[in-house]
$ cat input_20.cif   # mmCIF, N, CA and C atoms
data_work
#
loop_
_atom_site.label_atom_id
_atom_site.label_comp_id
_atom_site.auth_asym_id
_atom_site.auth_seq_id
_atom_site.Cartn_x
_atom_site.Cartn_y
_atom_site.Cartn_z
N MET A 1 -79.21 42.03 -10.05
CA MET A 1 -78.35 42.09 -8.86
C MET A 1 -77.45 43.33 -8.94
N MET A 2 -77.23 43.90 -7.82
CA MET A 2 -76.39 45.09 -7.72
C MET A 2 -74.94 44.72 -8.02
N ASP A 3 -74.16 45.69 -8.53
CA ASP A 3 -72.74 45.47 -8.75
C ASP A 3 -71.93 46.40 -7.84
N ILE A 4 -70.60 46.30 -7.94
CA ILE A 4 -69.73 47.09 -7.07
C ILE A 4 -69.97 48.58 -7.24
N LYS A 5 -70.08 49.04 -8.48
CA LYS A 5 -70.29 50.47 -8.72
C LYS A 5 -71.57 50.96 -8.05
N GLN A 6 -72.62 50.17 -8.12
CA GLN A 6 -73.88 50.54 -7.49
C GLN A 6 -73.75 50.54 -5.97
N CYS A 7 -73.01 49.57 -5.43
CA CYS A 7 -72.79 49.51 -3.98
C CYS A 7 -72.03 50.75 -3.51
N VAL A 8 -71.04 51.17 -4.28
CA VAL A 8 -70.29 52.38 -3.94
C VAL A 8 -71.21 53.60 -4.01
N ALA A 9 -71.98 53.69 -5.07
CA ALA A 9 -72.89 54.83 -5.25
C ALA A 9 -73.90 54.93 -4.11
N LYS A 10 -74.34 53.79 -3.59
CA LYS A 10 -75.32 53.77 -2.49
C LYS A 10 -74.66 53.86 -1.11
N GLY A 11 -73.34 53.92 -1.08
CA GLY A 11 -72.64 54.02 0.20
C GLY A 11 -72.48 52.69 0.92
N LEU A 12 -72.74 51.59 0.25
CA LEU A 12 -72.61 50.26 0.87
C LEU A 12 -71.17 49.76 0.83
N LEU A 13 -70.39 50.32 -0.06
CA LEU A 13 -68.94 50.08 -0.13
C LEU A 13 -68.29 51.45 -0.28
N ARG A 14 -67.09 51.58 0.27
CA ARG A 14 -66.36 52.81 0.02
C ARG A 14 -64.89 52.49 -0.18
N ARG A 15 -64.27 53.31 -1.02
CA ARG A 15 -62.83 53.16 -1.27
C ARG A 15 -62.07 53.59 -0.03
N ASP A 16 -60.94 52.95 0.18
CA ASP A 16 -60.07 53.25 1.30
C ASP A 16 -58.64 52.94 0.85
N VAL A 17 -57.71 53.16 1.72
CA VAL A 17 -56.32 52.83 1.43
C VAL A 17 -56.15 51.32 1.59
N PRO A 18 -55.54 50.63 0.62
CA PRO A 18 -55.27 49.20 0.81
C PRO A 18 -54.48 48.98 2.10
N ASP A 19 -54.87 47.97 2.86
CA ASP A 19 -54.27 47.77 4.18
C ASP A 19 -54.05 46.28 4.45
N ASN A 20 -52.82 45.83 4.23
CA ASN A 20 -52.49 44.42 4.46
C ASN A 20 -52.53 44.03 5.93
N GLU A 21 -52.28 44.99 6.82
CA GLU A 21 -52.34 44.70 8.25
C GLU A 21 -53.79 44.40 8.67
N LYS A 22 -54.72 45.22 8.20
CA LYS A 22 -56.13 44.95 8.51
C LYS A 22 -56.57 43.63 7.88
N ALA A 23 -56.07 43.34 6.70
CA ALA A 23 -56.41 42.07 6.05
C ALA A 23 -55.95 40.90 6.91
N ALA A 24 -54.74 40.98 7.43
CA ALA A 24 -54.21 39.92 8.28
C ALA A 24 -55.01 39.80 9.58
N LYS A 25 -55.36 40.93 10.17
CA LYS A 25 -56.16 40.90 11.40
C LYS A 25 -57.55 40.30 11.15
N SER A 26 -58.10 40.57 9.99
CA SER A 26 -59.41 40.03 9.66
C SER A 26 -59.35 38.50 9.51
N ILE A 27 -58.25 38.00 8.95
CA ILE A 27 -58.06 36.54 8.86
C ILE A 27 -57.94 35.96 10.26
N GLU A 28 -57.18 36.62 11.14
CA GLU A 28 -57.07 36.15 12.53
C GLU A 28 -58.45 36.08 13.18
N ARG A 29 -59.26 37.09 12.93
CA ARG A 29 -60.62 37.13 13.49
C ARG A 29 -61.46 35.99 12.92
N ALA A 30 -61.26 35.68 11.64
CA ALA A 30 -61.99 34.58 11.01
C ALA A 30 -61.68 33.26 11.72
N TRP A 31 -60.41 33.01 11.99
CA TRP A 31 -60.03 31.78 12.69
C TRP A 31 -60.58 31.75 14.11
N HIS A 32 -60.61 32.90 14.77
CA HIS A 32 -61.19 32.97 16.12
C HIS A 32 -62.67 32.57 16.08
N LYS A 33 -63.40 33.10 15.11
CA LYS A 33 -64.82 32.79 15.00
C LYS A 33 -65.06 31.30 14.72
N ILE A 34 -64.14 30.66 13.99
CA ILE A 34 -64.24 29.22 13.76
C ILE A 34 -64.11 28.48 15.09
N GLU A 35 -63.17 28.91 15.92
CA GLU A 35 -62.98 28.26 17.22
C GLU A 35 -64.22 28.43 18.10
N VAL A 36 -64.81 29.60 18.07
CA VAL A 36 -66.05 29.83 18.82
C VAL A 36 -67.15 28.91 18.28
N ALA A 37 -67.26 28.81 16.98
CA ALA A 37 -68.28 27.94 16.37
C ALA A 37 -68.12 26.50 16.84
N LYS A 38 -66.89 26.03 16.88
CA LYS A 38 -66.64 24.64 17.33
C LYS A 38 -67.02 24.45 18.79
N LYS A 39 -66.79 25.47 19.60
CA LYS A 39 -67.09 25.37 21.03
C LYS A 39 -68.59 25.31 21.30
N VAL A 40 -69.38 26.00 20.51
CA VAL A 40 -70.82 26.04 20.76
C VAL A 40 -71.60 25.02 19.93
N LEU A 41 -70.91 24.30 19.05
CA LEU A 41 -71.56 23.37 18.13
C LEU A 41 -72.50 22.39 18.83
N LYS A 42 -72.04 21.73 19.87
CA LYS A 42 -72.86 20.71 20.54
C LYS A 42 -73.96 21.33 21.40
N ILE A 43 -73.76 22.57 21.81
CA ILE A 43 -74.71 23.21 22.72
C ILE A 43 -75.84 23.89 21.94
N VAL A 44 -75.46 24.74 20.98
CA VAL A 44 -76.44 25.50 20.19
C VAL A 44 -75.96 25.54 18.73
N PRO A 45 -76.36 24.55 17.93
CA PRO A 45 -75.89 24.50 16.53
C PRO A 45 -76.17 25.78 15.74
N GLU A 46 -77.28 26.46 16.05
CA GLU A 46 -77.61 27.69 15.33
C GLU A 46 -76.54 28.75 15.56
N GLU A 47 -76.05 28.85 16.78
CA GLU A 47 -75.00 29.81 17.09
C GLU A 47 -73.68 29.41 16.44
N ALA A 48 -73.45 28.12 16.31
CA ALA A 48 -72.26 27.65 15.60
C ALA A 48 -72.31 28.11 14.15
N VAL A 49 -73.49 28.02 13.53
CA VAL A 49 -73.65 28.47 12.15
C VAL A 49 -73.45 29.98 12.05
N ALA A 50 -74.01 30.73 12.99
CA ALA A 50 -73.83 32.18 12.98
C ALA A 50 -72.35 32.55 13.10
N ASN A 51 -71.62 31.84 13.93
CA ASN A 51 -70.19 32.11 14.07
C ASN A 51 -69.39 31.64 12.86
N ALA A 52 -69.81 30.55 12.24
CA ALA A 52 -69.15 30.09 11.01
C ALA A 52 -69.34 31.15 9.92
N TYR A 53 -70.55 31.71 9.83
CA TYR A 53 -70.76 32.80 8.87
C TYR A 53 -69.84 33.98 9.20
N ALA A 54 -69.75 34.33 10.48
CA ALA A 54 -68.90 35.45 10.88
C ALA A 54 -67.45 35.19 10.46
N SER A 55 -67.03 33.94 10.53
CA SER A 55 -65.66 33.62 10.10
C SER A 55 -65.51 33.85 8.60
N MET A 56 -66.52 33.46 7.83
CA MET A 56 -66.47 33.68 6.38
C MET A 56 -66.53 35.17 6.07
N PHE A 57 -67.34 35.90 6.80
CA PHE A 57 -67.44 37.35 6.63
C PHE A 57 -66.07 37.99 6.83
N HIS A 58 -65.39 37.63 7.92
CA HIS A 58 -64.09 38.24 8.21
C HIS A 58 -63.04 37.83 7.17
N ALA A 59 -63.10 36.59 6.71
CA ALA A 59 -62.16 36.16 5.66
C ALA A 59 -62.41 36.96 4.39
N ALA A 60 -63.67 37.09 3.99
CA ALA A 60 -64.01 37.86 2.80
C ALA A 60 -63.61 39.32 2.97
N ARG A 61 -63.83 39.83 4.14
CA ARG A 61 -63.50 41.23 4.44
C ARG A 61 -62.01 41.49 4.29
N SER A 62 -61.20 40.49 4.57
CA SER A 62 -59.75 40.66 4.41
C SER A 62 -59.39 40.99 2.97
N LEU A 63 -60.13 40.42 2.02
CA LEU A 63 -59.90 40.73 0.61
C LEU A 63 -60.21 42.19 0.31
N LEU A 64 -61.29 42.69 0.90
CA LEU A 64 -61.64 44.10 0.71
C LEU A 64 -60.57 45.01 1.30
N PHE A 65 -60.13 44.70 2.51
CA PHE A 65 -59.09 45.52 3.13
C PHE A 65 -57.85 45.56 2.25
N ARG A 66 -57.45 44.39 1.75
CA ARG A 66 -56.26 44.34 0.90
C ARG A 66 -56.44 45.16 -0.37
N ASP A 67 -57.65 45.14 -0.90
CA ASP A 67 -57.93 45.85 -2.16
C ASP A 67 -58.24 47.34 -1.97
N GLY A 68 -58.39 47.76 -0.72
CA GLY A 68 -58.67 49.16 -0.46
C GLY A 68 -60.15 49.50 -0.47
N TYR A 69 -60.96 48.61 0.12
CA TYR A 69 -62.40 48.86 0.26
C TYR A 69 -62.82 48.59 1.69
N VAL A 70 -63.89 49.25 2.09
CA VAL A 70 -64.54 48.99 3.38
C VAL A 70 -66.01 48.76 3.09
N GLU A 71 -66.57 47.73 3.69
CA GLU A 71 -67.99 47.41 3.46
C GLU A 71 -68.84 48.10 4.51
N LYS A 72 -70.04 48.44 4.13
CA LYS A 72 -71.02 49.00 5.05
C LYS A 72 -72.26 48.11 5.09
N SER A 73 -72.19 46.96 4.44
CA SER A 73 -73.29 45.99 4.49
C SER A 73 -72.76 44.61 4.16
N HIS A 74 -73.36 43.61 4.74
CA HIS A 74 -72.98 42.23 4.48
C HIS A 74 -73.26 41.89 3.01
N PHE A 75 -74.36 42.40 2.48
CA PHE A 75 -74.70 42.14 1.09
C PHE A 75 -73.63 42.72 0.15
N ALA A 76 -73.18 43.93 0.42
CA ALA A 76 -72.16 44.56 -0.42
C ALA A 76 -70.85 43.78 -0.38
N LEU A 77 -70.51 43.23 0.78
CA LEU A 77 -69.32 42.39 0.89
C LEU A 77 -69.45 41.19 -0.05
N PHE A 78 -70.62 40.54 -0.03
CA PHE A 78 -70.86 39.41 -0.92
C PHE A 78 -70.74 39.84 -2.38
N VAL A 79 -71.36 40.96 -2.75
CA VAL A 79 -71.31 41.46 -4.13
C VAL A 79 -69.86 41.67 -4.56
N TYR A 80 -69.08 42.30 -3.70
CA TYR A 80 -67.68 42.58 -4.02
C TYR A 80 -66.90 41.29 -4.26
N VAL A 81 -67.00 40.36 -3.33
CA VAL A 81 -66.23 39.12 -3.44
C VAL A 81 -66.67 38.32 -4.67
N LYS A 82 -67.96 38.29 -4.92
CA LYS A 82 -68.45 37.56 -6.08
C LYS A 82 -67.93 38.19 -7.38
N GLU A 83 -67.97 39.50 -7.45
CA GLU A 83 -67.56 40.19 -8.67
C GLU A 83 -66.03 40.14 -8.87
N GLN A 84 -65.29 40.32 -7.81
CA GLN A 84 -63.83 40.41 -7.93
C GLN A 84 -63.09 39.08 -7.84
N TYR A 85 -63.70 38.09 -7.20
CA TYR A 85 -62.95 36.86 -6.91
C TYR A 85 -63.61 35.58 -7.40
N ALA A 86 -64.64 35.68 -8.21
CA ALA A 86 -65.33 34.48 -8.71
C ALA A 86 -64.39 33.57 -9.49
N ASP A 87 -63.35 34.15 -10.08
CA ASP A 87 -62.40 33.35 -10.85
C ASP A 87 -61.31 32.71 -9.97
N ARG A 88 -61.26 33.09 -8.69
CA ARG A 88 -60.22 32.56 -7.80
C ARG A 88 -60.77 31.81 -6.60
N LEU A 89 -62.06 31.90 -6.37
CA LEU A 89 -62.70 31.17 -5.27
C LEU A 89 -63.78 30.27 -5.85
N GLU A 90 -63.88 29.08 -5.32
CA GLU A 90 -64.88 28.13 -5.82
C GLU A 90 -66.29 28.69 -5.66
N LEU A 91 -67.13 28.36 -6.63
CA LEU A 91 -68.52 28.81 -6.61
C LEU A 91 -69.23 28.34 -5.35
N ARG A 92 -68.91 27.16 -4.86
CA ARG A 92 -69.56 26.65 -3.64
C ARG A 92 -69.32 27.59 -2.46
N PHE A 93 -68.14 28.21 -2.41
CA PHE A 93 -67.85 29.15 -1.32
C PHE A 93 -68.69 30.42 -1.45
N LEU A 94 -68.80 30.91 -2.65
CA LEU A 94 -69.60 32.13 -2.86
C LEU A 94 -71.07 31.85 -2.54
N ASN A 95 -71.56 30.69 -2.96
CA ASN A 95 -72.95 30.32 -2.66
C ASN A 95 -73.17 30.18 -1.16
N GLU A 96 -72.22 29.53 -0.49
CA GLU A 96 -72.35 29.33 0.96
C GLU A 96 -72.27 30.66 1.71
N LEU A 97 -71.39 31.55 1.27
CA LEU A 97 -71.29 32.86 1.90
C LEU A 97 -72.64 33.59 1.84
N ASN A 98 -73.28 33.54 0.69
CA ASN A 98 -74.57 34.22 0.55
C ASN A 98 -75.67 33.51 1.32
N THR A 99 -75.71 32.20 1.26
CA THR A 99 -76.72 31.43 2.00
C THR A 99 -76.59 31.69 3.50
N LEU A 100 -75.37 31.63 3.99
CA LEU A 100 -75.16 31.84 5.43
C LEU A 100 -75.43 33.29 5.84
N ARG A 101 -75.20 34.21 4.93
CA ARG A 101 -75.54 35.61 5.21
C ARG A 101 -77.03 35.71 5.52
N LEU A 102 -77.83 35.05 4.73
CA LEU A 102 -79.28 35.07 4.94
C LEU A 102 -79.68 34.29 6.19
N ASP A 103 -79.02 33.14 6.42
CA ASP A 103 -79.30 32.34 7.62
C ASP A 103 -78.96 33.12 8.88
N ARG A 104 -77.81 33.79 8.86
CA ARG A 104 -77.38 34.58 10.02
C ARG A 104 -78.42 35.64 10.36
N HIS A 105 -78.94 36.26 9.31
CA HIS A 105 -79.96 37.29 9.53
C HIS A 105 -81.19 36.69 10.21
N ALA A 106 -81.62 35.53 9.72
CA ALA A 106 -82.79 34.86 10.31
C ALA A 106 -82.50 34.41 11.75
N ILE A 107 -81.30 33.91 11.99
CA ILE A 107 -80.93 33.45 13.34
C ILE A 107 -80.89 34.63 14.31
N ASN A 108 -80.29 35.72 13.89
CA ASN A 108 -80.10 36.86 14.80
C ASN A 108 -81.31 37.77 14.93
N TYR A 109 -82.10 37.88 13.86
CA TYR A 109 -83.17 38.89 13.86
C TYR A 109 -84.56 38.34 13.64
N GLY A 110 -84.65 37.09 13.21
CA GLY A 110 -85.96 36.52 12.92
C GLY A 110 -86.77 36.26 14.17
N LEU A 111 -88.07 36.23 14.00
CA LEU A 111 -88.97 35.97 15.13
C LEU A 111 -89.30 34.49 15.28
N ASP A 112 -89.16 33.75 14.20
CA ASP A 112 -89.41 32.31 14.26
C ASP A 112 -88.10 31.58 14.53
N PRO A 113 -88.17 30.56 15.40
CA PRO A 113 -86.94 29.82 15.70
C PRO A 113 -86.39 29.11 14.46
N ILE A 114 -85.09 29.11 14.33
CA ILE A 114 -84.41 28.42 13.25
C ILE A 114 -83.83 27.15 13.83
N ARG A 115 -84.14 26.03 13.22
CA ARG A 115 -83.63 24.74 13.71
C ARG A 115 -82.54 24.25 12.77
N ILE A 116 -81.36 24.10 13.30
CA ILE A 116 -80.23 23.57 12.54
C ILE A 116 -79.67 22.41 13.36
N ASP A 117 -79.50 21.26 12.72
CA ASP A 117 -79.01 20.12 13.49
C ASP A 117 -77.48 20.10 13.53
N TYR A 118 -76.97 19.28 14.39
CA TYR A 118 -75.53 19.18 14.63
C TYR A 118 -74.76 18.90 13.34
N GLY A 119 -75.23 17.92 12.58
CA GLY A 119 -74.53 17.53 11.36
C GLY A 119 -74.45 18.65 10.35
N GLU A 120 -75.55 19.36 10.18
CA GLU A 120 -75.57 20.48 9.25
C GLU A 120 -74.61 21.58 9.71
N ALA A 121 -74.64 21.89 10.99
CA ALA A 121 -73.76 22.93 11.53
C ALA A 121 -72.29 22.52 11.40
N LYS A 122 -72.00 21.25 11.63
CA LYS A 122 -70.62 20.76 11.50
C LYS A 122 -70.14 20.92 10.06
N ASN A 123 -70.98 20.62 9.09
CA ASN A 123 -70.63 20.78 7.68
C ASN A 123 -70.37 22.25 7.34
N VAL A 124 -71.18 23.12 7.89
CA VAL A 124 -71.01 24.57 7.66
C VAL A 124 -69.65 25.02 8.20
N ILE A 125 -69.29 24.57 9.38
CA ILE A 125 -68.00 24.93 9.97
C ILE A 125 -66.85 24.44 9.08
N GLU A 126 -66.96 23.22 8.59
CA GLU A 126 -65.91 22.68 7.71
C GLU A 126 -65.79 23.50 6.42
N THR A 127 -66.92 23.89 5.86
CA THR A 127 -66.91 24.71 4.65
C THR A 127 -66.28 26.08 4.94
N ALA A 128 -66.62 26.64 6.09
CA ALA A 128 -66.06 27.94 6.47
C ALA A 128 -64.54 27.84 6.63
N GLU A 129 -64.06 26.77 7.24
CA GLU A 129 -62.61 26.58 7.37
C GLU A 129 -61.95 26.50 5.99
N ASP A 130 -62.55 25.75 5.09
CA ASP A 130 -62.01 25.63 3.73
C ASP A 130 -62.01 26.99 3.02
N PHE A 131 -63.04 27.78 3.27
CA PHE A 131 -63.12 29.12 2.68
C PHE A 131 -61.98 30.00 3.18
N ILE A 132 -61.75 29.98 4.47
CA ILE A 132 -60.66 30.79 5.04
C ILE A 132 -59.33 30.39 4.40
N LYS A 133 -59.09 29.10 4.28
CA LYS A 133 -57.85 28.62 3.66
C LYS A 133 -57.76 29.08 2.21
N ALA A 134 -58.87 29.04 1.49
CA ALA A 134 -58.88 29.50 0.10
C ALA A 134 -58.56 30.99 0.02
N VAL A 135 -59.15 31.78 0.91
CA VAL A 135 -58.88 33.22 0.95
C VAL A 135 -57.42 33.48 1.28
N GLU A 136 -56.88 32.72 2.24
CA GLU A 136 -55.46 32.88 2.57
C GLU A 136 -54.60 32.61 1.33
N GLY A 137 -54.98 31.64 0.53
CA GLY A 137 -54.24 31.35 -0.69
C GLY A 137 -54.30 32.51 -1.67
N VAL A 138 -55.46 33.14 -1.79
CA VAL A 138 -55.61 34.30 -2.67
C VAL A 138 -54.79 35.47 -2.16
N LEU A 139 -54.78 35.66 -0.86
CA LEU A 139 -54.03 36.79 -0.27
C LEU A 139 -52.52 36.64 -0.48
N LYS A 140 -52.04 35.41 -0.59
CA LYS A 140 -50.60 35.19 -0.76
C LYS A 140 -50.12 35.50 -2.16
N LYS A 141 -51.06 35.59 -3.10
CA LYS A 141 -50.68 35.82 -4.52
C LYS A 141 -50.55 37.28 -4.82
#
$ encode --input "input_20.cif" --output "structure tokens"
Amino acid sequence: MMDIKQCVAKGLLRRDVPDNEKAAKSIERAWHKIEVAKKVLKIVPEEAVANAYASMFHAARSLLFRDGYVEKSHFALFVYVKEQYADRLELRFLNELNTLRLDRHAINYGLDPIRIDYGEAKNVIETAEDFIKAVEGVLKK
């Protein structure tokens, strides 16, 4: 698996000025995506899952902004969070972030329909909410 140094070397991550304002805005965006996920849950569970992933993406991205990084790929964001925050975020969150990253890709770009039922999508939304709260806790330290 690639590490942060390799992601930087390949241009998938780049150093930037640490920015707490962008971090806060990214958390706001994460909560917005959760609300969107809840609104579409009963209509199109697959879109609820895609929005739940987007909420996790934005929450994770807030950590990068705070640390002075910008991602150029969803995979690099996962690599960064896993490498830098595995000791502060539950493993279930890191696993779900990666799983949903792959699911989102299949939902948005795949040619075969993805079937996700209401219950599964509801669980994903709940996990995403817990992830955002966990990230907020890390940001406060």
$ select_by_dssp --input "input_20.cif" --residues "stretch 7-139 of chain A" --states "helix (DSSP H, G or I)" --output "PyMOL selection string"
chain A and resi 7-9+20-40+45-67+74-85+91-109+118-139
$ resolve_selection --input "input_20.cif" --expression "the PyMOL selection byres ((chain A and resi 102-107) around 8)" --output "PDB file with N, CA and C atoms, in the coordinates of the input"
ATOM      1  N   GLU A  46     -77.280  26.460  16.050  1.00  0.00           N
ATOM      2  CA  GLU A  46     -77.610  27.690  15.330  1.00  0.00           C
ATOM      3  C   GLU A  46     -76.540  28.750  15.560  1.00  0.00           C
ATOM      4  N   GLU A  47     -76.050  28.850  16.780  1.00  0.00           N
ATOM      5  CA  GLU A  47     -75.000  29.810  17.090  1.00  0.00           C
ATOM      6  C   GLU A  47     -73.680  29.410  16.440  1.00  0.00           C
ATOM      7  N   VAL A  49     -73.490  28.020  13.530  1.00  0.00           N
ATOM      8  CA  VAL A  49     -73.650  28.470  12.150  1.00  0.00           C
ATOM      9  C   VAL A  49     -73.450  29.980  12.050  1.00  0.00           C
ATOM     10  N   ALA A  50     -74.010  30.730  12.990  1.00  0.00           N
ATOM     11  CA  ALA A  50     -73.830  32.180  12.980  1.00  0.00           C
ATOM     12  C   ALA A  50     -72.350  32.550  13.100  1.00  0.00           C
ATOM     13  N   ASN A  51     -71.620  31.840  13.930  1.00  0.00           N
ATOM     14  CA  ASN A  51     -70.190  32.110  14.070  1.00  0.00           C
ATOM     15  C   ASN A  51     -69.390  31.640  12.860  1.00  0.00           C
ATOM     16  N   TYR A  53     -70.550  31.710   9.830  1.00  0.00           N
ATOM     17  CA  TYR A  53     -70.760  32.800   8.870  1.00  0.00           C
ATOM     18  C   TYR A  53     -69.840  33.980   9.200  1.00  0.00           C
ATOM     19  N   ALA A  54     -69.750  34.330  10.480  1.00  0.00           N
ATOM     20  CA  ALA A  54     -68.900  35.450  10.880  1.00  0.00           C
ATOM     21  C   ALA A  54     -67.450  35.190  10.460  1.00  0.00           C
ATOM     22  N   GLU A  96     -72.220  29.530  -0.490  1.00  0.00           N
ATOM     23  CA  GLU A  96     -72.350  29.330   0.960  1.00  0.00           C
ATOM     24  C   GLU A  96     -72.270  30.660   1.710  1.00  0.00           C
ATOM     25  N   LEU A  97     -71.390  31.550   1.270  1.00  0.00           N
ATOM     26  CA  LEU A  97     -71.290  32.860   1.900  1.00  0.00           C
ATOM     27  C   LEU A  97     -72.640  33.590   1.840  1.00  0.00           C
ATOM     28  N   ASN A  98     -73.280  33.540   0.690  1.00  0.00           N
ATOM     29  CA  ASN A  98     -74.570  34.220   0.550  1.00  0.00           C
ATOM     30  C   ASN A  98     -75.670  33.510   1.320  1.00  0.00           C
ATOM     31  N   THR A  99     -75.710  32.200   1.260  1.00  0.00           N
ATOM     32  CA  THR A  99     -76.720  31.430   2.000  1.00  0.00           C
ATOM     33  C   THR A  99     -76.590  31.690   3.500  1.00  0.00           C
ATOM     34  N   LEU A 100     -75.370  31.630   3.990  1.00  0.00           N
ATOM     35  CA  LEU A 100     -75.160  31.840   5.430  1.00  0.00           C
ATOM     36  C   LEU A 100     -75.430  33.290   5.840  1.00  0.00           C
ATOM     37  N   ARG A 101     -75.200  34.210   4.930  1.00  0.00           N
ATOM     38  CA  ARG A 101     -75.540  35.610   5.210  1.00  0.00           C
ATOM     39  C   ARG A 101     -77.030  35.710   5.520  1.00  0.00           C
ATOM     40  N   ASN A 108     -80.290  35.720  13.890  1.00  0.00           N
ATOM     41  CA  ASN A 108     -80.100  36.860  14.800  1.00  0.00           C
ATOM     42  C   ASN A 108     -81.310  37.770  14.930  1.00  0.00           C
ATOM     43  N   TYR A 109     -82.100  37.880  13.860  1.00  0.00           N
ATOM     44  CA  TYR A 109     -83.170  38.890  13.860  1.00  0.00           C
ATOM     45  C   TYR A 109     -84.560  38.340  13.640  1.00  0.00           C
ATOM     46  N   GLY A 110     -84.650  37.090  13.210  1.00  0.00           N
ATOM     47  CA  GLY A 110     -85.960  36.520  12.920  1.00  0.00           C
ATOM     48  C   GLY A 110     -86.770  36.260  14.170  1.00  0.00           C
ATOM     49  N   LEU A 111     -88.070  36.230  14.000  1.00  0.00           N
ATOM     50  CA  LEU A 111     -88.970  35.970  15.130  1.00  0.00           C
ATOM     51  C   LEU A 111     -89.300  34.490  15.280  1.00  0.00           C
ATOM     52  N   ASP A 112     -89.160  33.750  14.200  1.00  0.00           N
ATOM     53  CA  ASP A 112     -89.410  32.310  14.260  1.00  0.00           C
ATOM     54  C   ASP A 112     -88.100  31.580  14.530  1.00  0.00           C
ATOM     55  N   PRO A 113     -88.170  30.560  15.400  1.00  0.00           N
ATOM     56  CA  PRO A 113     -86.940  29.820  15.700  1.00  0.00           C
ATOM     57  C   PRO A 113     -86.390  29.110  14.460  1.00  0.00           C
ATOM     58  N   ILE A 114     -85.090  29.110  14.330  1.00  0.00           N
ATOM     59  CA  ILE A 114     -84.410  28.420  13.250  1.00  0.00           C
ATOM     60  C   ILE A 114     -83.830  27.150  13.830  1.00  0.00           C
TER      61      ILE A 114
END
$ closest_residue --input "input_20.cif" --among "A:Glu83, A:Glu90, A:Glu28, A:Glu71" --to "A:Leu13" --atoms "only N, CA and C atoms"
A:Glu71
$ resolve_selection --input "input_20.cif" --expression "the PyMOL selection byres ((chain A and resi 29-35) around 6)" --output "NGL selection string"
:A and (25-28 or 36-39 or 51-52 or 54-56 or 58-59)
$ select_by_dssp --input "input_20.cif" --residues "chain A" --states "strand (DSSP E or B)" --output "compact mmCIF listing (two decimals) with N, CA and C atoms, in the frame of the given file"
# COMPACT_ATOMS: atom_id res chain seq x y z
N LEU A 13 -70.39 50.32 -0.06
CA LEU A 13 -68.94 50.08 -0.13
C LEU A 13 -68.29 51.45 -0.28
N ARG A 14 -67.09 51.58 0.27
CA ARG A 14 -66.36 52.81 0.02
C ARG A 14 -64.89 52.49 -0.18
N ARG A 15 -64.27 53.31 -1.02
CA ARG A 15 -62.83 53.16 -1.27
C ARG A 15 -62.07 53.59 -0.03
N TYR A 69 -60.96 48.61 0.12
CA TYR A 69 -62.40 48.86 0.26
C TYR A 69 -62.82 48.59 1.69
N VAL A 70 -63.89 49.25 2.09
CA VAL A 70 -64.54 48.99 3.38
C VAL A 70 -66.01 48.76 3.09
N GLU A 71 -66.57 47.73 3.69
CA GLU A 71 -67.99 47.41 3.46
C GLU A 71 -68.84 48.10 4.51
$ residues_around --input "input_20.cif" --residues "A:Glu136" --least-positions-apart "5" --cutoff "10 Å" --atoms "only C-alpha atoms" --output "PyMOL selection string"
chain A and resi 23-24+27+59-60+62-63+130-131+141
$ build_atoms --input "input_20.cif" --residues "stretch 129-137 of chain A" --atoms "N, CA, C and O atoms" --output "tab-separated table (two decimals), in the frame of the given file"
chain	number	residue	atom	x	y	z
A	129	GLU	N	-64.06	26.77	7.24
A	129	GLU	CA	-62.61	26.58	7.37
A	129	GLU	C	-61.95	26.50	5.99
A	129	GLU	O	-60.90	27.12	5.77
A	130	ASP	N	-62.55	25.75	5.09
A	130	ASP	CA	-62.01	25.63	3.73
A	130	ASP	C	-62.01	26.99	3.02
A	130	ASP	O	-61.08	27.30	2.27
A	131	PHE	N	-63.04	27.78	3.27
A	131	PHE	CA	-63.12	29.12	2.68
A	131	PHE	C	-61.98	30.00	3.18
A	131	PHE	O	-61.32	30.69	2.39
A	132	ILE	N	-61.75	29.98	4.47
A	132	ILE	CA	-60.66	30.79	5.04
A	132	ILE	C	-59.33	30.39	4.40
A	132	ILE	O	-58.53	31.24	4.00
A	133	LYS	N	-59.09	29.10	4.28
A	133	LYS	CA	-57.85	28.62	3.66
A	133	LYS	C	-57.76	29.08	2.21
A	133	LYS	O	-56.67	29.49	1.75
A	134	ALA	N	-58.87	29.04	1.49
A	134	ALA	CA	-58.88	29.50	0.10
A	134	ALA	C	-58.56	30.99	0.02
A	134	ALA	O	-57.79	31.44	-0.85
A	135	VAL	N	-59.15	31.78	0.91
A	135	VAL	CA	-58.88	33.22	0.95
A	135	VAL	C	-57.42	33.48	1.28
A	135	VAL	O	-56.77	34.32	0.67
A	136	GLU	N	-56.88	32.72	2.24
A	136	GLU	CA	-55.46	32.88	2.57
A	136	GLU	C	-54.60	32.61	1.33
A	136	GLU	O	-53.61	33.32	1.10
A	137	GLY	N	-54.98	31.64	0.53
A	137	GLY	CA	-54.24	31.35	-0.69
A	137	GLY	C	-54.30	32.51	-1.67
A	137	GLY	O	-53.29	32.86	-2.31
